[in-house]
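Report on the following structure.
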Amino acid sequence: MKTTLFSTHKFEEAHLISANKGNHELNLLEVRLTENTASLAQGSEAISLFTSDDASAKVLEKLSELGVKYIALRTAGYNNVATERAAALDIKIARVPAYSPYAIAEHTMALILALNRKLIKAHNRVRDMNFSLNGLTGFDLNGKTVGVMGTGKIGATLIKILYGFGCKILAYDVNKDEDLVEQYGVHYTDCKTLCSESDIISLHVPLTPDTKHLINAQQIANMRHGAMLINTSRGGLVDTKAVIEGLKTGEVGYFGMDVYEEEEGLFFEDHSEEILQDDVIARLMTFNNVLITSHQAFLTDTALANIADTTLFNLDCFEKLIDSGNEVTSK
Ligand code: NAI
């Protein structure tokens, strides 16, 4: 089946080609899917998308006119797809529900540790022949309370890691996982209590209308003074401007983010020769207690191989009209 893959990156190309085994005619494009680039899917029955692609209603309508019938997402999240419109247009969508919760949970832990132990500052100092330790004091994670919002695959994996560090774990989720309660002593509570009682808050719920700006000025005011906030889920979970205010007052003591509300068109690309136009992220970059990575939590060789395998499996199933079990139904 002819498939146009938008937003492909060098790091995934070899995995996609190897997983394809020559079955499908793959048209690998680096450009993002937008209203202006949708026409590049001309002649393809299927397309494949990444987090930064825009599959809003208007774009889907254009794709449908071009004859696109299938979308294979190379992601778990699908907040960038107008699923109801897709259903109305009879465009089928499949995703990669799980490719490595370890990759994201471990990156979350890396952000927590790097922020706490000020590893970036320490590294830069040492490279500058400054071996002083002043200003590098961290805290023991052992005994600290960590609030995990969303105890699905990634949240649960993080909880196991945190348990190993000796942390007390609070959780917030619409579904309670009794195994986590029994095995790791997780205490489920509401969002407000989690914010007020946690030293570290880590976000692992999907972005939906219910979770948009879950962390806003009100929740920040509820937080322990100087708490650490980590977001490796989706940028829209956090009101970034409210976090900046919280960082200025010290209410937010550390902020680690792998995802950003306005990341489309910014993350995943080299803008080093340009003038940064986004004043919000520019302000975030001025804080030495903020650590930003460019949506790389998933980026391990295991995860990339799994993403490619599942994406190609989903395309096989589309072609053979078989249910892959990975289909996304409208929200
Ligand atoms: P999952 O579906 O296994 O877990 C999500 C959990 O959130 C579930 O337990 C669900 O009950 C809970 N939840 C949903 N809506 C809620 C609400 N309104 N309030 C409270 N809890 C709610 O998903 P998984 O695999 O753990 O992934 C979580 C998120 O991580 C994804 O939605 C995606 O946005 C993000 N992600 C980020 C990546 C990155 O590279 N930074 C890579 C992969 C996923």
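In the structure tokens, chains take letters A, B, ... by order of appearance, with residues numbered from 1 within each chain and ligands from 1 in the order shown.
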
Query raised in the report: So which residues of segment 19-122 of chain A fall under alpha helix (DSSP H) by DSSP, listed as a ChimeraX atom specification?
Result: /A:19-20,57-65,83-88,101-116,119-122

Using 12 Å as the limit and counting only C-alpha atoms, can you tabulate each residue of segment 141-204 of chain A that touches segment 67-81 of chain A, with its shortest atom-to-atom distance in Å and the two atoms involved, as JSON lines?
```
{"residue": "A:Lys153", "atom": "CA", "partner": "A:Ala76", "partner_atom": "CA", "distance": 11.0}
{"residue": "A:Ile154", "atom": "CA", "partner": "A:Ala76", "partner_atom": "CA", "distance": 11.1}
{"residue": "A:His204", "atom": "CA", "partner": "A:Gly77", "partner_atom": "CA", "distance": 11.2}
```

For the residues selected in the previous step, produce a file with N, CA and C atoms as a CSV table (one decimal), in the first residue's frame.
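File written: out-v3.csv
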```csv
chain,number,residue,atom,x,y,z
A,153,LYS,N,0.4,3.0,31.9
A,153,LYS,CA,1.7,2.3,31.6
A,153,LYS,C,2.9,3.0,32.1
A,154,ILE,N,3.0,4.3,31.7
A,154,ILE,CA,4.2,5.1,32.0
A,154,ILE,C,4.2,5.5,33.5
A,204,HIS,N,1.5,12.2,33.9
A,204,HIS,CA,1.5,11.1,32.9
A,204,HIS,C,0.0,10.8,32.5
```

Show me, as a PDB file with C-alpha atoms, in the first residue's frame, the residues that have an atom within 9 Å of segment 213-228 of chain A when counting only C-alpha atoms, minus same-chain residues fewer than 6 positions from it.
```pdb
ATOM      1  CA  ILE A 112      14.328  14.562  38.202  1.00  0.00           C
ATOM      2  CA  LEU A 115      17.464  18.957  38.196  1.00  0.00           C
ATOM      3  CA  ASN A 116      17.900  17.833  41.787  1.00  0.00           C
ATOM      4  CA  CYS A 191      -5.454  16.322  42.278  1.00  0.00           C
ATOM      5  CA  LYS A 192      -5.515  19.160  44.831  1.00  0.00           C
ATOM      6  CA  THR A 193      -4.192  17.031  47.706  1.00  0.00           C
ATOM      7  CA  LEU A 194      -1.519  15.506  45.479  1.00  0.00           C
ATOM      8  CA  CYS A 195      -0.325  19.005  44.549  1.00  0.00           C
ATOM      9  CA  SER A 196      -0.278  20.232  48.140  1.00  0.00           C
ATOM     10  CA  GLU A 197       1.527  17.194  49.610  1.00  0.00           C
ATOM     11  CA  SER A 198       4.141  16.305  46.980  1.00  0.00           C
ATOM     12  CA  ASP A 199       7.782  17.368  46.806  1.00  0.00           C
ATOM     13  CA  ILE A 200       7.842  16.285  43.174  1.00  0.00           C
ATOM     14  CA  ILE A 201       4.872  16.141  40.781  1.00  0.00           C
ATOM     15  CA  SER A 202       5.125  14.162  37.554  1.00  0.00           C
ATOM     16  CA  GLY A 235       2.611  20.327  26.889  1.00  0.00           C
ATOM     17  CA  GLY A 236      -1.042  21.338  27.134  1.00  0.00           C
ATOM     18  CA  LEU A 237      -1.346  19.718  30.576  1.00  0.00           C
ATOM     19  CA  VAL A 238       0.495  22.720  31.958  1.00  0.00           C
ATOM     20  CA  ASP A 239      -0.343  26.430  31.770  1.00  0.00           C
ATOM     21  CA  THR A 240       3.224  27.435  30.931  1.00  0.00           C
ATOM     22  CA  LYS A 241       2.741  31.124  31.735  1.00  0.00           C
ATOM     23  CA  ALA A 242       1.453  30.181  35.211  1.00  0.00           C
ATOM     24  CA  VAL A 243       4.558  28.000  35.717  1.00  0.00           C
ATOM     25  CA  GLU A 245       5.028  33.067  37.432  1.00  0.00           C
ATOM     26  CA  GLY A 246       5.492  30.182  39.905  1.00  0.00           C
ATOM     27  CA  LEU A 247       9.200  29.984  39.055  1.00  0.00           C
ATOM     28  CA  GLY A 250       9.871  30.297  43.956  1.00  0.00           C
ATOM     29  CA  GLU A 251       6.569  28.440  44.345  1.00  0.00           C
ATOM     30  CA  VAL A 252       7.839  26.118  41.612  1.00  0.00           C
ATOM     31  CA  GLY A 253      11.368  25.169  42.661  1.00  0.00           C
ATOM     32  CA  TYR A 254      12.294  23.171  39.578  1.00  0.00           C
ATOM     33  CA  PHE A 255      10.636  22.522  36.245  1.00  0.00           C
ATOM     34  CA  GLY A 256      11.584  19.681  33.926  1.00  0.00           C
TER      35      GLY A 256
END
```

*Distance query Thr329 of chain A at most 8 Å, only C-alpha atoms, self and fewer than 2 positions along chain excluded, as an MDAnalysis selection string*: chainID A and resid 83 87 93 327 331

Taking C-alpha atoms for each residue, export the selection above as a compact mmCIF listing (two decimals), in the first residue's frame.
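The resulting file, out36.txt, is reproduced below:
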```txt
# COMPACT_ATOMS: atom_id res chain seq x y z
CA THR A 83 -10.91 11.70 15.61
CA ALA A 87 -14.75 8.78 11.73
CA ILE A 93 -6.70 5.52 12.55
CA GLU A 327 -7.41 1.34 16.24
CA LYS A 331 -13.20 10.78 21.45
```

Counting only C-alpha atoms and all ligand atoms, which protein, DNA or RNA residues come within 8 Å of ligand 1, given as an mmCIF file with all heavy atoms, in the first residue's frame?
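Okay, result38.cif is ready:
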```cif
data_model
loop_
_atom_site.group_PDB
_atom_site.id
_atom_site.type_symbol
_atom_site.label_atom_id
_atom_site.label_comp_id
_atom_site.auth_asym_id
_atom_site.auth_seq_id
_atom_site.Cartn_x
_atom_site.Cartn_y
_atom_site.Cartn_z
ATOM 1 N N THR A 75 2.804 7.209 17.198
ATOM 2 C CA THR A 75 2.751 7.715 18.570
ATOM 3 C C THR A 75 1.667 6.977 19.353
ATOM 4 O O THR A 75 0.810 6.324 18.754
ATOM 5 C CB THR A 75 2.363 9.217 18.569
ATOM 6 O OG1 THR A 75 1.144 9.368 17.817
ATOM 7 C CG2 THR A 75 3.438 10.079 17.968
ATOM 8 N N ALA A 76 1.747 7.159 20.682
ATOM 9 C CA ALA A 76 0.688 6.615 21.545
ATOM 10 C C ALA A 76 -0.437 7.642 21.650
ATOM 11 O O ALA A 76 -1.611 7.327 21.460
ATOM 12 C CB ALA A 76 1.255 6.300 22.921
ATOM 13 N N GLY A 77 -0.060 8.902 21.919
ATOM 14 C CA GLY A 77 -1.043 9.981 22.069
ATOM 15 C C GLY A 77 -1.637 10.341 20.714
ATOM 16 O O GLY A 77 -0.991 10.191 19.682
ATOM 17 N N TYR A 78 -2.891 10.806 20.711
ATOM 18 C CA TYR A 78 -3.536 11.176 19.437
ATOM 19 C C TYR A 78 -4.339 12.459 19.584
ATOM 20 O O TYR A 78 -5.328 12.693 18.902
ATOM 21 C CB TYR A 78 -4.391 10.024 18.895
ATOM 22 C CG TYR A 78 -5.367 9.420 19.884
ATOM 23 C CD1 TYR A 78 -6.667 9.893 19.966
ATOM 24 C CD2 TYR A 78 -4.974 8.395 20.729
ATOM 25 C CE1 TYR A 78 -7.556 9.351 20.874
ATOM 26 C CE2 TYR A 78 -5.861 7.842 21.635
ATOM 27 C CZ TYR A 78 -7.153 8.324 21.711
ATOM 28 O OH TYR A 78 -8.023 7.784 22.622
ATOM 29 N N ASN A 79 -3.870 13.325 20.502
ATOM 30 C CA ASN A 79 -4.559 14.596 20.727
ATOM 31 C C ASN A 79 -4.437 15.545 19.520
ATOM 32 O O ASN A 79 -5.157 16.526 19.439
ATOM 33 C CB ASN A 79 -4.014 15.273 21.983
ATOM 34 C CG ASN A 79 -2.523 15.422 21.951
ATOM 35 O OD1 ASN A 79 -1.800 14.435 22.122
ATOM 36 N ND2 ASN A 79 -2.047 16.615 21.678
ATOM 37 N N PRO A 97 -0.005 1.871 20.855
ATOM 38 C CA PRO A 97 -0.444 2.122 22.230
ATOM 39 C C PRO A 97 0.674 2.040 23.269
ATOM 40 O O PRO A 97 0.673 2.779 24.241
ATOM 41 C CB PRO A 97 -1.503 1.052 22.486
ATOM 42 C CG PRO A 97 -1.613 0.232 21.272
ATOM 43 C CD PRO A 97 -0.639 0.689 20.249
ATOM 44 N N ALA A 98 1.615 1.118 23.043
ATOM 45 C CA ALA A 98 2.723 1.005 24.006
ATOM 46 C C ALA A 98 3.954 0.579 23.240
ATOM 47 O O ALA A 98 3.914 -0.401 22.506
ATOM 48 C CB ALA A 98 2.391 -0.040 25.060
ATOM 49 N N PRO A 101 7.169 1.900 27.844
ATOM 50 C CA PRO A 101 6.913 2.831 28.955
ATOM 51 C C PRO A 101 8.205 3.124 29.720
ATOM 52 O O PRO A 101 8.342 4.168 30.350
ATOM 53 C CB PRO A 101 5.901 2.082 29.826
ATOM 54 C CG PRO A 101 5.994 0.651 29.427
ATOM 55 C CD PRO A 101 6.466 0.616 28.012
ATOM 56 N N ILE A 104 10.092 6.386 28.534
ATOM 57 C CA ILE A 104 9.564 7.676 29.019
ATOM 58 C C ILE A 104 9.760 7.792 30.532
ATOM 59 O O ILE A 104 10.158 8.835 31.047
ATOM 60 C CB ILE A 104 8.073 7.873 28.617
ATOM 61 C CG1 ILE A 104 7.964 7.914 27.103
ATOM 62 C CG2 ILE A 104 7.523 9.181 29.167
ATOM 63 C CD1 ILE A 104 7.501 6.683 26.461
ATOM 64 N N MET A 149 0.678 11.804 38.509
ATOM 65 C CA MET A 149 -0.654 12.030 37.934
ATOM 66 C C MET A 149 -0.794 11.167 36.694
ATOM 67 O O MET A 149 -0.127 11.407 35.690
ATOM 68 C CB MET A 149 -0.808 13.495 37.547
ATOM 69 C CG MET A 149 -0.806 14.411 38.730
ATOM 70 S SD MET A 149 -1.884 15.781 38.365
ATOM 71 C CE MET A 149 -1.561 16.811 39.765
ATOM 72 N N GLY A 150 -1.628 10.162 36.784
ATOM 73 C CA GLY A 150 -1.783 9.204 35.681
ATOM 74 C C GLY A 150 -0.951 7.985 35.978
ATOM 75 O O GLY A 150 0.280 8.022 35.936
ATOM 76 N N THR A 151 -1.636 6.889 36.338
ATOM 77 C CA THR A 151 -0.914 5.657 36.711
ATOM 78 C C THR A 151 -1.183 4.557 35.687
ATOM 79 O O THR A 151 -1.400 3.413 36.030
ATOM 80 C CB THR A 151 -1.288 5.201 38.139
ATOM 81 O OG1 THR A 151 -2.706 4.989 38.169
ATOM 82 C CG2 THR A 151 -0.889 6.219 39.176
ATOM 83 N N GLY A 152 -1.160 4.954 34.415
ATOM 84 C CA GLY A 152 -1.260 3.976 33.325
ATOM 85 C C GLY A 152 0.110 3.337 33.135
ATOM 86 O O GLY A 152 0.871 3.157 34.090
ATOM 87 N N LYS A 153 0.434 3.014 31.884
ATOM 88 C CA LYS A 153 1.673 2.259 31.618
ATOM 89 C C LYS A 153 2.916 3.037 32.059
ATOM 90 O O LYS A 153 3.795 2.487 32.732
ATOM 91 C CB LYS A 153 1.749 1.923 30.126
ATOM 92 C CG LYS A 153 0.683 0.914 29.694
ATOM 93 C CD LYS A 153 0.681 0.668 28.222
ATOM 94 C CE LYS A 153 0.075 1.770 27.403
ATOM 95 N NZ LYS A 153 -1.368 2.005 27.613
ATOM 96 N N ILE A 154 2.992 4.322 31.687
ATOM 97 C CA ILE A 154 4.210 5.095 32.004
ATOM 98 C C ILE A 154 4.246 5.459 33.495
ATOM 99 O O ILE A 154 5.277 5.279 34.157
ATOM 100 C CB ILE A 154 4.294 6.353 31.106
ATOM 101 C CG1 ILE A 154 4.435 5.924 29.639
ATOM 102 C CG2 ILE A 154 5.464 7.248 31.523
ATOM 103 C CD1 ILE A 154 4.252 7.030 28.618
ATOM 104 N N GLY A 155 3.113 5.962 34.007
ATOM 105 C CA GLY A 155 3.058 6.334 35.425
ATOM 106 C C GLY A 155 3.406 5.145 36.310
ATOM 107 O O GLY A 155 4.175 5.274 37.276
ATOM 108 N N ALA A 156 2.875 3.962 35.980
ATOM 109 C CA ALA A 156 3.132 2.764 36.801
ATOM 110 C C ALA A 156 4.615 2.377 36.740
ATOM 111 O O ALA A 156 5.204 1.963 37.747
ATOM 112 C CB ALA A 156 2.267 1.597 36.321
ATOM 113 N N TYR A 172 -2.823 10.194 41.382
ATOM 114 C CA TYR A 172 -4.136 10.700 40.984
ATOM 115 C C TYR A 172 -4.464 10.093 39.630
ATOM 116 O O TYR A 172 -3.660 10.163 38.698
ATOM 117 C CB TYR A 172 -4.090 12.228 40.894
ATOM 118 C CG TYR A 172 -5.261 12.826 40.166
ATOM 119 C CD1 TYR A 172 -6.545 12.762 40.701
ATOM 120 C CD2 TYR A 172 -5.084 13.448 38.943
ATOM 121 C CE1 TYR A 172 -7.622 13.289 40.019
ATOM 122 C CE2 TYR A 172 -6.164 13.991 38.248
ATOM 123 C CZ TYR A 172 -7.424 13.916 38.790
ATOM 124 O OH TYR A 172 -8.493 14.436 38.119
ATOM 125 N N ASP A 173 -5.596 9.446 39.547
ATOM 126 C CA ASP A 173 -6.025 8.826 38.281
ATOM 127 C C ASP A 173 -7.518 8.558 38.386
ATOM 128 O O ASP A 173 -8.027 8.305 39.483
ATOM 129 C CB ASP A 173 -5.268 7.496 38.039
ATOM 130 C CG ASP A 173 -5.358 7.036 36.583
ATOM 131 O OD1 ASP A 173 -6.469 6.781 36.098
ATOM 132 O OD2 ASP A 173 -4.300 6.948 35.943
ATOM 133 N N VAL A 174 -8.194 8.586 37.260
ATOM 134 C CA VAL A 174 -9.623 8.254 37.280
ATOM 135 C C VAL A 174 -9.836 6.753 37.528
ATOM 136 O O VAL A 174 -10.899 6.335 37.964
ATOM 137 C CB VAL A 174 -10.354 8.710 35.993
ATOM 138 C CG1 VAL A 174 -10.576 10.210 35.989
ATOM 139 C CG2 VAL A 174 -9.612 8.268 34.730
ATOM 140 N N ASN A 175 -8.803 5.952 37.238
ATOM 141 C CA ASN A 175 -8.875 4.508 37.523
ATOM 142 C C ASN A 175 -7.791 4.133 38.518
ATOM 143 O O ASN A 175 -6.615 4.435 38.282
ATOM 144 C CB ASN A 175 -8.654 3.690 36.237
ATOM 145 C CG ASN A 175 -9.724 3.971 35.211
ATOM 146 O OD1 ASN A 175 -10.903 3.910 35.512
ATOM 147 N ND2 ASN A 175 -9.295 4.315 34.008
ATOM 148 N N LYS A 176 -8.199 3.473 39.583
ATOM 149 C CA LYS A 176 -7.234 3.079 40.615
ATOM 150 C C LYS A 176 -6.599 1.738 40.233
ATOM 151 O O LYS A 176 -7.312 0.803 39.853
ATOM 152 C CB LYS A 176 -8.014 2.937 41.925
ATOM 153 C CG LYS A 176 -7.182 2.913 43.159
ATOM 154 C CD LYS A 176 -8.121 3.028 44.361
ATOM 155 C CE LYS A 176 -7.383 2.804 45.646
ATOM 156 N NZ LYS A 176 -8.252 2.881 46.811
ATOM 157 N N ASP A 177 -5.273 1.641 40.352
ATOM 158 C CA ASP A 177 -4.576 0.379 40.074
ATOM 159 C C ASP A 177 -4.220 -0.263 41.424
ATOM 160 O O ASP A 177 -3.283 0.172 42.104
ATOM 161 C CB ASP A 177 -3.312 0.673 39.246
ATOM 162 C CG ASP A 177 -2.546 -0.587 38.864
ATOM 163 O OD1 ASP A 177 -2.713 -1.617 39.537
ATOM 164 O OD2 ASP A 177 -1.768 -0.525 37.894
ATOM 165 N N HIS A 204 1.519 12.211 33.877
ATOM 166 C CA HIS A 204 1.451 11.068 32.942
ATOM 167 C C HIS A 204 0.030 10.753 32.502
ATOM 168 O O HIS A 204 -0.274 9.622 32.149
ATOM 169 C CB HIS A 204 2.124 9.845 33.577
ATOM 170 C CG HIS A 204 3.528 10.143 33.954
ATOM 171 N ND1 HIS A 204 4.531 10.256 33.021
ATOM 172 C CD2 HIS A 204 4.072 10.456 35.158
ATOM 173 C CE1 HIS A 204 5.649 10.610 33.638
ATOM 174 N NE2 HIS A 204 5.402 10.742 34.929
ATOM 175 N N VAL A 205 -0.840 11.781 32.544
ATOM 176 C CA VAL A 205 -2.197 11.599 32.001
ATOM 177 C C VAL A 205 -2.169 12.059 30.541
ATOM 178 O O VAL A 205 -1.322 12.857 30.157
ATOM 179 C CB VAL A 205 -3.258 12.427 32.781
ATOM 180 C CG1 VAL A 205 -3.499 11.866 34.157
ATOM 181 C CG2 VAL A 205 -2.891 13.894 32.846
ATOM 182 N N PRO A 206 -3.096 11.558 29.722
ATOM 183 C CA PRO A 206 -3.140 12.064 28.337
ATOM 184 C C PRO A 206 -3.716 13.471 28.302
ATOM 185 O O PRO A 206 -4.375 13.890 29.268
ATOM 186 C CB PRO A 206 -4.070 11.066 27.644
ATOM 187 C CG PRO A 206 -4.905 10.480 28.724
ATOM 188 C CD PRO A 206 -4.121 10.545 29.998
ATOM 189 N N LEU A 207 -3.487 14.171 27.204
ATOM 190 C CA LEU A 207 -4.087 15.497 27.039
ATOM 191 C C LEU A 207 -5.483 15.331 26.439
ATOM 192 O O LEU A 207 -5.635 14.812 25.334
ATOM 193 C CB LEU A 207 -3.214 16.368 26.117
ATOM 194 C CG LEU A 207 -3.769 17.761 25.824
ATOM 195 C CD1 LEU A 207 -3.907 18.590 27.097
ATOM 196 C CD2 LEU A 207 -2.902 18.489 24.802
ATOM 197 N N THR A 208 -6.478 15.735 27.197
ATOM 198 C CA THR A 208 -7.871 15.696 26.740
ATOM 199 C C THR A 208 -8.508 17.026 27.179
ATOM 200 O O THR A 208 -7.877 17.778 27.949
ATOM 201 C CB THR A 208 -8.646 14.537 27.411
ATOM 202 O OG1 THR A 208 -8.731 14.832 28.824
ATOM 203 C CG2 THR A 208 -7.993 13.182 27.214
ATOM 204 N N ASP A 210 -10.502 17.430 29.425
ATOM 205 C CA ASP A 210 -10.556 17.372 30.900
ATOM 206 C C ASP A 210 -9.216 17.676 31.557
ATOM 207 O O ASP A 210 -9.169 18.109 32.717
ATOM 208 C CB ASP A 210 -10.935 15.952 31.368
ATOM 209 C CG ASP A 210 -12.386 15.662 31.164
ATOM 210 O OD1 ASP A 210 -13.137 16.626 30.917
ATOM 211 O OD2 ASP A 210 -12.765 14.478 31.235
ATOM 212 N N THR A 211 -8.129 17.373 30.860
ATOM 213 C CA THR A 211 -6.806 17.518 31.506
ATOM 214 C C THR A 211 -6.043 18.752 31.027
ATOM 215 O O THR A 211 -4.948 19.001 31.491
ATOM 216 C CB THR A 211 -5.934 16.266 31.273
ATOM 217 O OG1 THR A 211 -5.763 16.093 29.857
ATOM 218 C CG2 THR A 211 -6.550 15.018 31.861
ATOM 219 N N THR A 232 6.471 15.063 31.148
ATOM 220 C CA THR A 232 6.937 14.319 29.972
ATOM 221 C C THR A 232 5.731 13.761 29.219
ATOM 222 O O THR A 232 5.884 12.842 28.415
ATOM 223 C CB THR A 232 7.894 13.160 30.351
ATOM 224 O OG1 THR A 232 7.201 12.257 31.222
ATOM 225 C CG2 THR A 232 9.164 13.647 31.000
ATOM 226 N N SER A 233 4.525 14.317 29.497
ATOM 227 C CA SER A 233 3.338 13.766 28.835
ATOM 228 C C SER A 233 2.931 14.593 27.619
ATOM 229 O O SER A 233 3.258 14.222 26.490
ATOM 230 C CB SER A 233 2.193 13.623 29.824
ATOM 231 O OG SER A 233 1.145 12.928 29.209
ATOM 232 N N ARG A 234 2.256 15.701 27.845
ATOM 233 C CA ARG A 234 1.882 16.599 26.750
ATOM 234 C C ARG A 234 1.917 18.030 27.283
ATOM 235 O O ARG A 234 1.440 18.297 28.400
ATOM 236 C CB ARG A 234 0.479 16.290 26.224
ATOM 237 C CG ARG A 234 0.387 15.065 25.321
ATOM 238 C CD ARG A 234 1.123 15.244 23.990
ATOM 239 N NE ARG A 234 1.051 14.074 23.132
ATOM 240 C CZ ARG A 234 1.968 13.093 23.100
ATOM 241 N NH1 ARG A 234 3.029 13.149 23.887
ATOM 242 N NH2 ARG A 234 1.837 12.070 22.273
ATOM 243 N N ASP A 258 9.688 17.922 28.880
ATOM 244 C CA ASP A 258 10.075 17.271 27.627
ATOM 245 C C ASP A 258 9.062 17.620 26.537
ATOM 246 O O ASP A 258 9.262 17.284 25.376
ATOM 247 C CB ASP A 258 10.115 15.748 27.837
ATOM 248 C CG ASP A 258 10.614 15.011 26.601
ATOM 249 O OD1 ASP A 258 11.714 15.368 26.129
ATOM 250 O OD2 ASP A 258 9.928 14.099 26.111
ATOM 251 N N VAL A 259 7.986 18.251 26.948
ATOM 252 C CA VAL A 259 6.896 18.582 26.029
ATOM 253 C C VAL A 259 6.473 20.014 26.329
ATOM 254 O O VAL A 259 6.613 20.494 27.454
ATOM 255 C CB VAL A 259 5.704 17.619 26.240
ATOM 256 C CG1 VAL A 259 5.975 16.255 25.635
ATOM 257 C CG2 VAL A 259 5.358 17.482 27.718
ATOM 258 N N HIS A 295 11.128 16.886 23.440
ATOM 259 C CA HIS A 295 10.254 15.715 23.220
ATOM 260 C C HIS A 295 11.074 14.470 22.846
ATOM 261 O O HIS A 295 10.842 13.854 21.806
ATOM 262 C CB HIS A 295 9.210 16.021 22.136
ATOM 263 C CG HIS A 295 7.951 15.221 22.297
ATOM 264 N ND1 HIS A 295 6.701 15.726 22.133
ATOM 265 C CD2 HIS A 295 7.768 13.911 22.637
ATOM 266 C CE1 HIS A 295 5.799 14.793 22.333
ATOM 267 N NE2 HIS A 295 6.430 13.670 22.658
ATOM 268 N N GLN A 296 12.019 14.141 23.703
ATOM 269 C CA GLN A 296 12.910 13.017 23.410
ATOM 270 C C GLN A 296 12.741 11.849 24.371
ATOM 271 O O GLN A 296 13.499 10.884 24.317
ATOM 272 C CB GLN A 296 14.374 13.481 23.417
ATOM 273 C CG GLN A 296 14.932 13.783 24.810
ATOM 274 C CD GLN A 296 16.434 13.994 24.811
ATOM 275 O OE1 GLN A 296 16.898 15.045 24.405
ATOM 276 N NE2 GLN A 296 17.197 13.017 25.281
ATOM 277 N N ALA A 297 11.719 11.929 25.257
ATOM 278 C CA ALA A 297 11.587 10.873 26.269
ATOM 279 C C ALA A 297 11.447 9.487 25.638
ATOM 280 O O ALA A 297 11.910 8.491 26.179
ATOM 281 C CB ALA A 297 10.400 11.167 27.181
ATOM 282 N N PHE A 298 10.829 9.441 24.445
ATOM 283 C CA PHE A 298 10.599 8.138 23.794
ATOM 284 C C PHE A 298 11.846 7.620 23.090
ATOM 285 O O PHE A 298 11.858 6.481 22.611
ATOM 286 C CB PHE A 298 9.480 8.288 22.737
ATOM 287 C CG PHE A 298 9.936 9.084 21.551
ATOM 288 C CD1 PHE A 298 10.361 8.446 20.399
ATOM 289 C CD2 PHE A 298 10.001 10.453 21.600
ATOM 290 C CE1 PHE A 298 10.834 9.172 19.308
ATOM 291 C CE2 PHE A 298 10.468 11.195 20.523
ATOM 292 C CZ PHE A 298 10.885 10.562 19.383
ATOM 293 N N LEU A 299 12.880 8.451 22.994
ATOM 294 C CA LEU A 299 13.977 8.190 22.054
ATOM 295 C C LEU A 299 15.002 7.170 22.569
ATOM 296 O O LEU A 299 16.116 7.532 22.946
ATOM 297 C CB LEU A 299 14.652 9.519 21.695
ATOM 298 C CG LEU A 299 15.530 9.537 20.450
ATOM 299 C CD1 LEU A 299 14.733 9.232 19.200
ATOM 300 C CD2 LEU A 299 16.211 10.890 20.302
#
```
